[in-house]
file run_3.tsv (TSV, C-alpha atoms)
chain	number	residue	atom	x	y	z
A	434	MET	CA	-37.87	-41.29	-45.31
A	435	GLU	CA	-39.72	-38.26	-46.71
A	436	GLN	CA	-42.59	-40.49	-47.84
A	437	ASN	CA	-42.72	-42.01	-44.39
A	438	SER	CA	-43.09	-38.64	-42.68
A	439	GLN	CA	-45.69	-37.64	-45.29
A	440	THR	CA	-47.69	-40.77	-44.46
A	441	GLN	CA	-47.42	-40.01	-40.75
A	442	PHE	CA	-48.67	-36.48	-41.37
A	443	GLN	CA	-51.61	-37.81	-43.41
A	444	GLN	CA	-52.47	-40.27	-40.63
A	445	ILE	CA	-52.65	-37.41	-38.15
A	446	TRP	CA	-54.41	-34.96	-40.47
A	447	TYR	CA	-57.10	-37.34	-41.72
A	448	ALA	CA	-57.67	-39.12	-38.39
A	449	PRO	CA	-61.42	-39.39	-37.69
A	450	ALA	CA	-61.25	-37.68	-34.28
A	451	PHE	CA	-64.81	-36.35	-34.15
A	452	SER	CA	-66.58	-39.52	-35.25
A	453	SER	CA	-64.57	-41.52	-32.70
A	454	LEU	CA	-66.32	-39.50	-29.98
A	455	MET	CA	-69.60	-41.06	-31.14
A	456	THR	CA	-68.37	-44.64	-31.60
A	457	ASN	CA	-68.56	-45.66	-27.97
A	458	ARG	CA	-72.11	-45.31	-26.61
A	459	SER	CA	-71.04	-44.77	-22.98
A	460	GLU	CA	-68.48	-42.09	-23.96
A	461	LEU	CA	-71.10	-40.38	-26.13
A	462	THR	CA	-73.60	-40.49	-23.25
A	463	MET	CA	-71.11	-38.86	-20.88
A	464	ILE	CA	-70.14	-36.16	-23.40
A	465	ALA	CA	-73.75	-35.38	-24.35
A	466	GLY	CA	-74.86	-35.45	-20.70
A	467	ALA	CA	-72.05	-33.18	-19.51
A	468	GLY	CA	-72.60	-30.86	-22.49
A	469	ALA	CA	-76.34	-30.66	-21.84
A	470	LEU	CA	-75.76	-29.99	-18.14
A	471	HIS	CA	-73.21	-27.27	-18.91
A	472	LEU	CA	-75.43	-25.57	-21.50
A	473	GLY	CA	-78.49	-25.92	-19.26
A	474	LEU	CA	-76.72	-24.35	-16.27
A	475	SER	CA	-75.36	-21.53	-18.45
A	476	LEU	CA	-78.82	-20.92	-19.96
A	477	ALA	CA	-80.29	-20.72	-16.45
A	478	GLY	CA	-77.69	-18.12	-15.51
A	479	TYR	CA	-75.55	-20.38	-13.32
A	480	LYS	CA	-71.86	-21.04	-13.74
A	481	GLY	CA	-71.30	-24.23	-15.64
A	482	TRP	CA	-67.92	-25.79	-16.34
A	483	GLN	CA	-65.08	-23.33	-15.74
A	484	CYS	CA	-61.98	-23.24	-17.93
A	485	PRO	CA	-59.00	-24.21	-15.73
A	486	ILE	CA	-56.49	-22.60	-18.11
A	487	LEU	CA	-58.20	-19.20	-17.93
A	488	ALA	CA	-58.70	-19.53	-14.17
A	489	ALA	CA	-55.08	-20.28	-13.40
A	490	THR	CA	-53.23	-18.23	-16.00
A	491	GLY	CA	-55.67	-15.49	-17.03
A	492	VAL	CA	-55.04	-16.48	-20.63
A	493	PRO	CA	-58.16	-17.71	-22.45
A	494	CYS	CA	-57.89	-21.12	-24.12
A	495	PRO	CA	-58.92	-21.51	-27.79
A	496	GLY	CA	-62.40	-22.58	-26.72
A	497	CYS	CA	-63.04	-19.78	-24.19
A	498	GLY	CA	-66.15	-17.83	-25.10
A	499	LEU	CA	-67.70	-20.65	-27.12
A	500	THR	CA	-70.45	-21.32	-24.57
A	501	THR	CA	-71.43	-17.63	-24.45
A	502	ALA	CA	-71.30	-17.43	-28.26
A	503	ILE	CA	-73.44	-20.57	-28.68
A	504	LEU	CA	-76.01	-19.21	-26.20
A	505	GLU	CA	-76.12	-15.92	-28.12
A	506	LEU	CA	-76.64	-17.91	-31.29
A	507	LEU	CA	-79.47	-19.87	-29.66
A	508	HIS	CA	-81.06	-16.54	-28.70
A	509	GLY	CA	-80.87	-15.49	-32.36
A	510	ASP	CA	-78.17	-12.84	-31.88
A	511	PHE	CA	-75.91	-13.93	-34.73
A	512	SER	CA	-73.67	-10.85	-34.88
A	513	ALA	CA	-73.00	-10.84	-31.12
A	514	SER	CA	-72.24	-14.53	-31.33
A	515	ILE	CA	-69.69	-14.04	-34.12
A	516	ARG	CA	-68.10	-11.18	-32.20
A	517	THR	CA	-67.77	-13.36	-29.10
A	518	HIS	CA	-66.41	-16.41	-30.92
A	519	ALA	CA	-66.40	-16.82	-34.69
A	520	PHE	CA	-66.47	-20.62	-34.48
A	521	ALA	CA	-69.77	-20.77	-32.57
A	522	PRO	CA	-71.92	-21.82	-35.59
A	523	LEU	CA	-69.52	-24.66	-36.43
A	524	PHE	CA	-69.41	-25.87	-32.84
A	525	LEU	CA	-73.17	-25.60	-32.48
A	526	PHE	CA	-73.42	-27.80	-35.59
A	527	ALA	CA	-71.00	-30.29	-33.98
A	528	VAL	CA	-73.05	-30.25	-30.75
A	529	VAL	CA	-76.23	-30.93	-32.76
A	530	ILE	CA	-74.54	-33.90	-34.48
A	531	LEU	CA	-73.41	-35.26	-31.09
A	532	PHE	CA	-76.91	-34.94	-29.59
A	533	THR	CA	-78.48	-36.46	-32.71
A	534	ALA	CA	-76.11	-39.44	-32.45
A	535	PHE	CA	-76.97	-39.75	-28.75
A	536	LEU	CA	-80.71	-39.81	-29.43
A	537	LEU	CA	-80.67	-42.10	-32.47
A	538	PRO	CA	-81.27	-45.85	-32.16
A	539	GLU	CA	-78.18	-48.04	-32.50
A	540	GLN	CA	-78.49	-48.87	-36.22
A	541	LEU	CA	-79.04	-45.26	-37.32
A	542	ARG	CA	-76.33	-44.03	-34.98
A	543	SER	CA	-73.73	-46.33	-36.51
A	544	ARG	CA	-74.78	-45.15	-40.01
A	545	LEU	CA	-74.30	-41.53	-38.90
A	546	VAL	CA	-70.94	-42.38	-37.32
A	547	ASN	CA	-69.81	-44.12	-40.52
A	548	PHE	CA	-70.88	-41.13	-42.61
A	549	VAL	CA	-69.03	-38.61	-40.40
A	550	ASN	CA	-66.03	-40.97	-40.33
A	551	ARG	CA	-65.90	-41.08	-44.16
A	552	VAL	CA	-66.20	-37.28	-44.43
A	553	GLU	CA	-63.35	-36.81	-41.94
A	554	ILE	CA	-61.06	-39.30	-43.68
A	555	ARG	CA	-61.75	-37.85	-47.14
A	556	THR	CA	-61.56	-34.16	-46.30
A	557	GLY	CA	-59.58	-33.86	-43.06
A	558	ILE	CA	-62.23	-31.35	-42.00
A	559	THR	CA	-61.60	-31.79	-38.26
A	560	ALA	CA	-57.91	-30.98	-38.67
A	561	TRP	CA	-58.75	-27.96	-40.86
A	562	VAL	CA	-61.30	-26.59	-38.38
A	563	LEU	CA	-58.98	-27.13	-35.39
A	564	SER	CA	-56.04	-25.55	-37.23
A	565	PHE	CA	-58.06	-22.46	-38.15
A	566	LEU	CA	-59.34	-22.33	-34.59
A	567	MET	CA	-55.76	-22.31	-33.25
A	568	LEU	CA	-54.87	-19.57	-35.75
A	569	TYR	CA	-57.95	-17.58	-34.69
A	570	TRP	CA	-56.92	-18.03	-31.05
A	571	VAL	CA	-53.41	-16.67	-31.73
A	572	ILE	CA	-54.84	-13.69	-33.64
A	573	ARG	CA	-57.27	-12.92	-30.79
A	574	LEU	CA	-54.46	-13.11	-28.24
A	575	VAL	CA	-52.20	-10.80	-30.23
A	576	ALA	CA	-54.87	-8.33	-31.41
B	719	MET	CA	-65.84	-17.68	-19.00
B	720	GLU	CA	-64.87	-16.42	-15.59
B	721	PHE	CA	-63.59	-18.54	-12.79
B	722	SER	CA	-63.96	-17.39	-9.26
B	723	PHE	CA	-62.75	-19.11	-6.17
B	724	ASP	CA	-63.87	-16.93	-3.28
B	725	GLY	CA	-61.68	-18.66	-0.80
B	726	GLY	CA	-58.57	-16.52	-0.54
B	727	PRO	CA	-55.30	-18.47	-0.42
B	728	LEU	CA	-57.15	-21.79	-0.20
B	729	GLY	CA	-59.03	-20.88	-3.36
B	730	GLY	CA	-55.74	-20.02	-5.06
B	731	VAL	CA	-54.39	-23.46	-4.19
B	732	GLY	CA	-57.57	-25.00	-5.58
B	733	VAL	CA	-57.20	-23.17	-8.90
B	734	GLY	CA	-53.54	-24.18	-9.08
B	735	LEU	CA	-54.40	-27.83	-8.43
B	736	ILE	CA	-57.15	-27.80	-11.07
B	737	TRP	CA	-54.75	-26.30	-13.59
B	738	LEU	CA	-51.91	-28.71	-12.77
B	739	ALA	CA	-54.10	-31.81	-12.82
B	740	GLY	CA	-55.83	-30.62	-16.00
B	741	ILE	CA	-52.53	-30.08	-17.79
B	742	VAL	CA	-51.20	-33.50	-16.74
B	743	VAL	CA	-54.37	-35.28	-17.93
B	744	LEU	CA	-54.35	-33.22	-21.16
B	745	PHE	CA	-50.73	-34.25	-21.76
B	746	LYS	CA	-51.69	-37.91	-21.33
B	747	LEU	CA	-54.66	-37.40	-23.69
B	748	PHE	CA	-52.27	-36.05	-26.36
B	749	GLN	CA	-49.95	-39.03	-25.81
B	750	LYS	CA	-52.66	-41.70	-25.88
B	751	GLU	CA	-55.23	-40.41	-28.38
B	752	GLY	CA	-53.12	-38.38	-30.77
B	753	PHE	CA	-52.88	-34.79	-31.88
B	754	LEU	CA	-56.46	-34.04	-32.99
B	755	LYS	CA	-58.15	-35.40	-29.87
B	756	GLY	CA	-55.50	-33.61	-27.83
B	757	VAL	CA	-56.43	-30.30	-29.44
B	758	LEU	CA	-60.11	-31.13	-28.85
B	759	GLY	CA	-59.21	-31.65	-25.20
B	760	LEU	CA	-57.40	-28.32	-25.10
B	761	ILE	CA	-60.38	-26.49	-26.59
B	762	CYS	CA	-62.81	-28.23	-24.29
B	763	MET	CA	-61.20	-29.23	-21.00
B	764	LEU	CA	-64.54	-30.76	-20.02
B	765	TYR	CA	-63.80	-33.46	-22.63
B	766	THR	CA	-60.35	-33.97	-21.06
B	767	PHE	CA	-62.04	-34.38	-17.68
B	768	ILE	CA	-64.52	-36.94	-19.05
B	769	TRP	CA	-61.72	-38.79	-20.87
B	770	GLY	CA	-59.73	-38.89	-17.64
B	771	TRP	CA	-62.58	-40.51	-15.72
B	772	GLN	CA	-63.27	-42.97	-18.53
B	773	ASN	CA	-59.65	-44.11	-18.55
B	774	ILE	CA	-59.00	-43.97	-14.83
B	775	GLY	CA	-58.80	-47.76	-14.64
B	776	ARG	CA	-55.94	-48.00	-17.14
B	777	GLU	CA	-52.92	-48.51	-14.92
B	778	GLU	CA	-50.38	-47.55	-17.59
B	779	LEU	CA	-51.82	-44.02	-17.77
B	780	LYS	CA	-51.54	-43.41	-14.00
B	781	LEU	CA	-54.50	-41.04	-14.02
B	782	LYS	CA	-56.07	-42.00	-10.71
B	783	THR	CA	-54.30	-39.52	-8.42
B	784	TRP	CA	-54.57	-36.65	-10.87
B	785	MET	CA	-58.29	-37.23	-11.47
B	786	TYR	CA	-58.96	-37.38	-7.72
B	787	VAL	CA	-56.97	-34.16	-7.23
B	788	TRP	CA	-58.79	-32.45	-10.14
B	789	THR	CA	-62.25	-33.56	-8.99
B	790	GLY	CA	-61.49	-32.78	-5.35
B	791	ALA	CA	-60.32	-29.28	-6.25
B	792	ILE	CA	-63.48	-28.68	-8.31
B	793	VAL	CA	-65.64	-29.80	-5.37
B	794	LEU	CA	-63.56	-27.63	-3.01
B	795	GLY	CA	-64.06	-24.68	-5.36
B	796	ALA	CA	-67.82	-25.23	-5.46
B	797	ILE	CA	-67.97	-25.39	-1.64
B	798	LEU	CA	-65.86	-22.24	-1.26
B	799	ASN	CA	-68.07	-20.45	-3.79
B	800	VAL	CA	-71.20	-21.40	-1.85
B	801	ILE	CA	-69.60	-20.32	1.47
B	802	GLY	CA	-68.39	-17.09	-0.14
B	803	ALA	CA	-71.85	-16.36	-1.57
B	804	SER	CA	-73.73	-17.18	1.64
B	805	SER	CA	-71.42	-15.07	3.82
B	806	GLY	CA	-71.87	-12.11	1.50
B	807	GLY	CA	-68.35	-12.30	0.17
B	808	GLY	CA	-69.52	-12.95	-3.36
B	809	GLU	CA	-70.21	-10.41	-6.10
call {"tool": "encode", "arguments": {"input": "run_3.tsv", "output": "structure tokens"}}
result
Amino acid sequence: MEQNSQTQFQQIWYAPAFSSLMTNRSELTMIAGAGALHLGLSLAGYKGWQCPILAATGVPCPGCGLTTAILELLHGDFSASIRTHAFAPLFLFAVVILFTAFLLPEQLRSRLVNFVNRVEIRTGITAWVLSFLMLYWVIRLVA
Amino acid sequence: MEFSFDGGPLGGVGVGLIWLAGIVVLFKLFQKEGFLKGVLGLICMLYTFIWGWQNIGREELKLKTWMYVWTGAIVLGAILNVIGASSGGGE
């Protein structure tokens, strides 16, 4: 029984969630396209995608501020970016991987997906990052 | 990120609909894709929105109405923002 729940936990923790976003070409195209449009609009000073949780409740979601922080990072203002959202460098890295996968030809893309998949299964890095992000969110809400 | 619906009570309804539809689709994302993708959807509701449209044809998920409501409310919000801005009611 205990071993069973441990196995279930491992299946959740080491699930390759990020690489699965890149597996399907059409899904990747939609994510990269929507992301590029959102970043482009924000860079141009327009409102991009609006967070429905913040809009309706006034409470920021764990990802609120990431766009602003990533834009600050792209402008070279590292300290402002970290103050706005400490996870901006990690998410910028993830965005770069997504765009790279989108631009790569099929064979290279599947090699990249397999590599990211192996890293996720071995290290559980996605679960770690998301867990720390949730913790960071709680701290920001309380502080 | 700031959300502004400059449409008075109508805008308030729009925000409420976006929130409700978003939460329902996010709940289904958690159910169907598991915990990690669910958290990804929570962090980035844009992903939840894309996922909803990609899976709109799956009858068992019953996403169609919620996605139409969500998208319609976003379009309504955009229209109200444009009207609000052009009539000088914006910032």
call {"tool": "interface_residues", "arguments": {"input": "run_3.tsv", "of": "chain A", "to": "chain B", "cutoff": "8 Å", "atoms": "all atoms listed in the file", "output": "short mmCIF file (atom, residue, chain, number, x, y, z; two decimals) with C-alpha atoms, in the coordinates of the input"}}
result
data_model
loop_
_atom_site.label_atom_id
_atom_site.label_comp_id
_atom_site.auth_asym_id
_atom_site.auth_seq_id
_atom_site.Cartn_x
_atom_site.Cartn_y
_atom_site.Cartn_z
CA ILE A 445 -52.65 -37.41 -38.15
CA TRP A 446 -54.41 -34.96 -40.47
CA ALA A 448 -57.67 -39.12 -38.39
CA ALA A 450 -61.25 -37.68 -34.28
CA PHE A 451 -64.81 -36.35 -34.15
CA GLU A 460 -68.48 -42.09 -23.96
CA MET A 463 -71.11 -38.86 -20.88
CA ILE A 464 -70.14 -36.16 -23.40
CA ALA A 467 -72.05 -33.18 -19.51
CA TRP A 482 -67.92 -25.79 -16.34
CA GLN A 483 -65.08 -23.33 -15.74
CA CYS A 484 -61.98 -23.24 -17.93
CA PRO A 485 -59.00 -24.21 -15.73
CA ILE A 486 -56.49 -22.60 -18.11
CA LEU A 487 -58.20 -19.20 -17.93
CA ALA A 488 -58.70 -19.53 -14.17
CA ALA A 489 -55.08 -20.28 -13.40
CA CYS A 494 -57.89 -21.12 -24.12
CA PRO A 495 -58.92 -21.51 -27.79
CA GLY A 496 -62.40 -22.58 -26.72
CA CYS A 497 -63.04 -19.78 -24.19
CA GLY A 498 -66.15 -17.83 -25.10
CA THR A 501 -71.43 -17.63 -24.45
CA THR A 559 -61.60 -31.79 -38.26
CA ALA A 560 -57.91 -30.98 -38.67
CA LEU A 563 -58.98 -27.13 -35.39
#
call {"tool": "atom_distance", "arguments": {"input": "run_3.tsv", "atom1": "CA of Asp510 in chain A", "atom2": "CA of Ala469 in chain A"}}
result
20.5 Å
call {"tool": "atom_distance", "arguments": {"input": "run_3.tsv", "atom1": "CA of Gln436 in chain A", "atom2": "CA of Val552 in chain A"}}
result
24.1 Å
call {"tool": "atom_distance", "arguments": {"input": "run_3.tsv", "atom1": "CA of Ile774 in chain B", "atom2": "CA of Leu499 in chain A"}}
result
27.8 Å
call {"tool": "residues_around", "arguments": {"input": "run_3.tsv", "residues": "range 531-535 of chain A", "least_positions_apart": "2", "cutoff": "12 Å", "atoms": "all atoms listed in the file", "output": "MDAnalysis selection string"}}
result
chainID A and resid 451:469 524:529 537:549
call {"tool": "write_last_selection", "arguments": {"input": "run_3.tsv", "atoms": "C-alpha atoms", "output": "PDB file, in the frame of the given file"}}
result
ATOM      1  CA  PHE A 451     -64.810 -36.350 -34.150  1.00  0.00           C
ATOM      2  CA  SER A 452     -66.580 -39.520 -35.250  1.00  0.00           C
ATOM      3  CA  SER A 453     -64.570 -41.520 -32.700  1.00  0.00           C
ATOM      4  CA  LEU A 454     -66.320 -39.500 -29.980  1.00  0.00           C
ATOM      5  CA  MET A 455     -69.600 -41.060 -31.140  1.00  0.00           C
ATOM      6  CA  THR A 456     -68.370 -44.640 -31.600  1.00  0.00           C
ATOM      7  CA  ASN A 457     -68.560 -45.660 -27.970  1.00  0.00           C
ATOM      8  CA  ARG A 458     -72.110 -45.310 -26.610  1.00  0.00           C
ATOM      9  CA  SER A 459     -71.040 -44.770 -22.980  1.00  0.00           C
ATOM     10  CA  GLU A 460     -68.480 -42.090 -23.960  1.00  0.00           C
ATOM     11  CA  LEU A 461     -71.100 -40.380 -26.130  1.00  0.00           C
ATOM     12  CA  THR A 462     -73.600 -40.490 -23.250  1.00  0.00           C
ATOM     13  CA  MET A 463     -71.110 -38.860 -20.880  1.00  0.00           C
ATOM     14  CA  ILE A 464     -70.140 -36.160 -23.400  1.00  0.00           C
ATOM     15  CA  ALA A 465     -73.750 -35.380 -24.350  1.00  0.00           C
ATOM     16  CA  GLY A 466     -74.860 -35.450 -20.700  1.00  0.00           C
ATOM     17  CA  ALA A 467     -72.050 -33.180 -19.510  1.00  0.00           C
ATOM     18  CA  GLY A 468     -72.600 -30.860 -22.490  1.00  0.00           C
ATOM     19  CA  ALA A 469     -76.340 -30.660 -21.840  1.00  0.00           C
ATOM     20  CA  PHE A 524     -69.410 -25.870 -32.840  1.00  0.00           C
ATOM     21  CA  LEU A 525     -73.170 -25.600 -32.480  1.00  0.00           C
ATOM     22  CA  PHE A 526     -73.420 -27.800 -35.590  1.00  0.00           C
ATOM     23  CA  ALA A 527     -71.000 -30.290 -33.980  1.00  0.00           C
ATOM     24  CA  VAL A 528     -73.050 -30.250 -30.750  1.00  0.00           C
ATOM     25  CA  VAL A 529     -76.230 -30.930 -32.760  1.00  0.00           C
ATOM     26  CA  LEU A 537     -80.670 -42.100 -32.470  1.00  0.00           C
ATOM     27  CA  PRO A 538     -81.270 -45.850 -32.160  1.00  0.00           C
ATOM     28  CA  GLU A 539     -78.180 -48.040 -32.500  1.00  0.00           C
ATOM     29  CA  GLN A 540     -78.490 -48.870 -36.220  1.00  0.00           C
ATOM     30  CA  LEU A 541     -79.040 -45.260 -37.320  1.00  0.00           C
ATOM     31  CA  ARG A 542     -76.330 -44.030 -34.980  1.00  0.00           C
ATOM     32  CA  SER A 543     -73.730 -46.330 -36.510  1.00  0.00           C
ATOM     33  CA  ARG A 544     -74.780 -45.150 -40.010  1.00  0.00           C
ATOM     34  CA  LEU A 545     -74.300 -41.530 -38.900  1.00  0.00           C
ATOM     35  CA  VAL A 546     -70.940 -42.380 -37.320  1.00  0.00           C
ATOM     36  CA  ASN A 547     -69.810 -44.120 -40.520  1.00  0.00           C
ATOM     37  CA  PHE A 548     -70.880 -41.130 -42.610  1.00  0.00           C
ATOM     38  CA  VAL A 549     -69.030 -38.610 -40.400  1.00  0.00           C
TER      39      VAL A 549
END
call {"tool": "closest_residue", "arguments": {"input": "run_3.tsv", "among": "A:Ala502, A:Ile558, A:Ile530, A:Val492", "to": "Val571 in chain A", "atoms": "only C-alpha atoms"}}
result
A:Val492
call {"tool": "residues_around", "arguments": {"input": "run_3.tsv", "residues": "Leu781 in chain B", "least_positions_apart": "3", "cutoff": "10 Å", "atoms": "only C-alpha atoms", "output": "PyMOL selection string"}}
result
chain B and resi 739+742-743+746+770-771+773-778+784-787
call {"tool": "write_last_selection", "arguments": {"input": "run_3.tsv", "atoms": "C-alpha atoms", "output": "compact mmCIF listing (two decimals), in the frame of the given file"}}
result
# COMPACT_ATOMS: atom_id res chain seq x y z
CA ALA B 739 -54.10 -31.81 -12.82
CA VAL B 742 -51.20 -33.50 -16.74
CA VAL B 743 -54.37 -35.28 -17.93
CA LYS B 746 -51.69 -37.91 -21.33
CA GLY B 770 -59.73 -38.89 -17.64
CA TRP B 771 -62.58 -40.51 -15.72
CA ASN B 773 -59.65 -44.11 -18.55
CA ILE B 774 -59.00 -43.97 -14.83
CA GLY B 775 -58.80 -47.76 -14.64
CA ARG B 776 -55.94 -48.00 -17.14
CA GLU B 777 -52.92 -48.51 -14.92
CA GLU B 778 -50.38 -47.55 -17.59
CA TRP B 784 -54.57 -36.65 -10.87
CA MET B 785 -58.29 -37.23 -11.47
CA TYR B 786 -58.96 -37.38 -7.72
CA VAL B 787 -56.97 -34.16 -7.23
call {"tool": "closest_residue", "arguments": {"input": "run_3.tsv", "among": "B:Ala796, B:Leu779, B:Leu744, B:Ile801", "to": "Phe767 in chain B", "atoms": "only C-alpha atoms"}}
result
B:Leu744
call {"tool": "build_atoms", "arguments": {"input": "run_3.tsv", "residues": "range 759-777 of chain B", "atoms": "N, CA, C and O atoms", "output": "PDB file, in the coordinates of the input"}}
result
ATOM      1  N   GLY B 759     -59.276 -31.717 -26.654  1.00  0.00           N
ATOM      2  CA  GLY B 759     -59.210 -31.650 -25.200  1.00  0.00           C
ATOM      3  C   GLY B 759     -58.747 -30.294 -24.705  1.00  0.00           C
ATOM      4  O   GLY B 759     -59.173 -29.832 -23.652  1.00  0.00           O
ATOM      5  N   LEU B 760     -57.875 -29.658 -25.471  1.00  0.00           N
ATOM      6  CA  LEU B 760     -57.400 -28.320 -25.100  1.00  0.00           C
ATOM      7  C   LEU B 760     -58.516 -27.287 -25.250  1.00  0.00           C
ATOM      8  O   LEU B 760     -58.702 -26.414 -24.395  1.00  0.00           O
ATOM      9  N   ILE B 761     -59.269 -27.415 -26.343  1.00  0.00           N
ATOM     10  CA  ILE B 761     -60.380 -26.490 -26.590  1.00  0.00           C
ATOM     11  C   ILE B 761     -61.475 -26.673 -25.561  1.00  0.00           C
ATOM     12  O   ILE B 761     -62.057 -25.716 -25.074  1.00  0.00           O
ATOM     13  N   CYS B 762     -61.739 -27.932 -25.247  1.00  0.00           N
ATOM     14  CA  CYS B 762     -62.810 -28.230 -24.290  1.00  0.00           C
ATOM     15  C   CYS B 762     -62.233 -29.115 -23.187  1.00  0.00           C
ATOM     16  O   CYS B 762     -62.197 -30.332 -23.326  1.00  0.00           O
ATOM     17  N   MET B 763     -61.813 -28.466 -22.095  1.00  0.00           N
ATOM     18  CA  MET B 763     -61.200 -29.230 -21.000  1.00  0.00           C
ATOM     19  C   MET B 763     -62.221 -30.164 -20.334  1.00  0.00           C
ATOM     20  O   MET B 763     -61.834 -31.109 -19.659  1.00  0.00           O
ATOM     21  N   LEU B 764     -63.498 -29.869 -20.541  1.00  0.00           N
ATOM     22  CA  LEU B 764     -64.540 -30.760 -20.020  1.00  0.00           C
ATOM     23  C   LEU B 764     -64.392 -32.149 -20.654  1.00  0.00           C
ATOM     24  O   LEU B 764     -64.572 -33.164 -19.991  1.00  0.00           O
ATOM     25  N   TYR B 765     -64.030 -32.174 -21.957  1.00  0.00           N
ATOM     26  CA  TYR B 765     -63.800 -33.460 -22.630  1.00  0.00           C
ATOM     27  C   TYR B 765     -62.593 -34.167 -22.003  1.00  0.00           C
ATOM     28  O   TYR B 765     -62.630 -35.381 -21.768  1.00  0.00           O
ATOM     29  N   THR B 766     -61.541 -33.393 -21.699  1.00  0.00           N
ATOM     30  CA  THR B 766     -60.350 -33.970 -21.060  1.00  0.00           C
ATOM     31  C   THR B 766     -60.729 -34.597 -19.719  1.00  0.00           C
ATOM     32  O   THR B 766     -60.269 -35.686 -19.378  1.00  0.00           O
ATOM     33  N   PHE B 767     -61.585 -33.897 -18.991  1.00  0.00           N
ATOM     34  CA  PHE B 767     -62.040 -34.380 -17.680  1.00  0.00           C
ATOM     35  C   PHE B 767     -62.810 -35.700 -17.828  1.00  0.00           C
ATOM     36  O   PHE B 767     -62.567 -36.664 -17.105  1.00  0.00           O
ATOM     37  N   ILE B 768     -63.727 -35.729 -18.807  1.00  0.00           N
ATOM     38  CA  ILE B 768     -64.520 -36.940 -19.050  1.00  0.00           C
ATOM     39  C   ILE B 768     -63.594 -38.085 -19.478  1.00  0.00           C
ATOM     40  O   ILE B 768     -63.695 -39.212 -18.999  1.00  0.00           O
ATOM     41  N   TRP B 769     -62.668 -37.777 -20.388  1.00  0.00           N
ATOM     42  CA  TRP B 769     -61.720 -38.790 -20.870  1.00  0.00           C
ATOM     43  C   TRP B 769     -60.906 -39.353 -19.703  1.00  0.00           C
ATOM     44  O   TRP B 769     -60.677 -40.557 -19.612  1.00  0.00           O
ATOM     45  N   GLY B 770     -60.500 -38.469 -18.801  1.00  0.00           N
ATOM     46  CA  GLY B 770     -59.730 -38.890 -17.640  1.00  0.00           C
ATOM     47  C   GLY B 770     -60.496 -39.891 -16.784  1.00  0.00           C
ATOM     48  O   GLY B 770     -59.969 -40.929 -16.400  1.00  0.00           O
ATOM     49  N   TRP B 771     -61.776 -39.599 -16.531  1.00  0.00           N
ATOM     50  CA  TRP B 771     -62.580 -40.510 -15.720  1.00  0.00           C
ATOM     51  C   TRP B 771     -62.849 -41.822 -16.444  1.00  0.00           C
ATOM     52  O   TRP B 771     -62.924 -42.870 -15.828  1.00  0.00           O
ATOM     53  N   GLN B 772     -63.002 -41.736 -17.768  1.00  0.00           N
ATOM     54  CA  GLN B 772     -63.270 -42.970 -18.530  1.00  0.00           C
ATOM     55  C   GLN B 772     -62.061 -43.898 -18.542  1.00  0.00           C
ATOM     56  O   GLN B 772     -62.206 -45.106 -18.654  1.00  0.00           O
ATOM     57  N   ASN B 773     -60.871 -43.308 -18.448  1.00  0.00           N
ATOM     58  CA  ASN B 773     -59.650 -44.110 -18.550  1.00  0.00           C
ATOM     59  C   ASN B 773     -58.926 -44.254 -17.217  1.00  0.00           C
ATOM     60  O   ASN B 773     -57.771 -44.645 -17.194  1.00  0.00           O
ATOM     61  N   ILE B 774     -59.639 -43.962 -16.145  1.00  0.00           N
ATOM     62  CA  ILE B 774     -59.000 -43.970 -14.830  1.00  0.00           C
ATOM     63  C   ILE B 774     -58.520 -45.371 -14.437  1.00  0.00           C
ATOM     64  O   ILE B 774     -57.553 -45.521 -13.701  1.00  0.00           O
ATOM     65  N   GLY B 775     -59.170 -46.383 -14.978  1.00  0.00           N
ATOM     66  CA  GLY B 775     -58.800 -47.760 -14.640  1.00  0.00           C
ATOM     67  C   GLY B 775     -57.562 -48.273 -15.376  1.00  0.00           C
ATOM     68  O   GLY B 775     -57.042 -49.336 -15.041  1.00  0.00           O
ATOM     69  N   ARG B 776     -57.101 -47.531 -16.359  1.00  0.00           N
ATOM     70  CA  ARG B 776     -55.940 -48.000 -17.140  1.00  0.00           C
ATOM     71  C   ARG B 776     -54.658 -47.657 -16.383  1.00  0.00           C
ATOM     72  O   ARG B 776     -54.251 -46.490 -16.331  1.00  0.00           O
ATOM     73  N   GLU B 777     -54.069 -48.701 -15.823  1.00  0.00           N
ATOM     74  CA  GLU B 777     -52.920 -48.510 -14.920  1.00  0.00           C
ATOM     75  C   GLU B 777     -51.751 -47.807 -15.602  1.00  0.00           C
ATOM     76  O   GLU B 777     -51.052 -47.011 -14.987  1.00  0.00           O
TER      77      GLU B 777
END
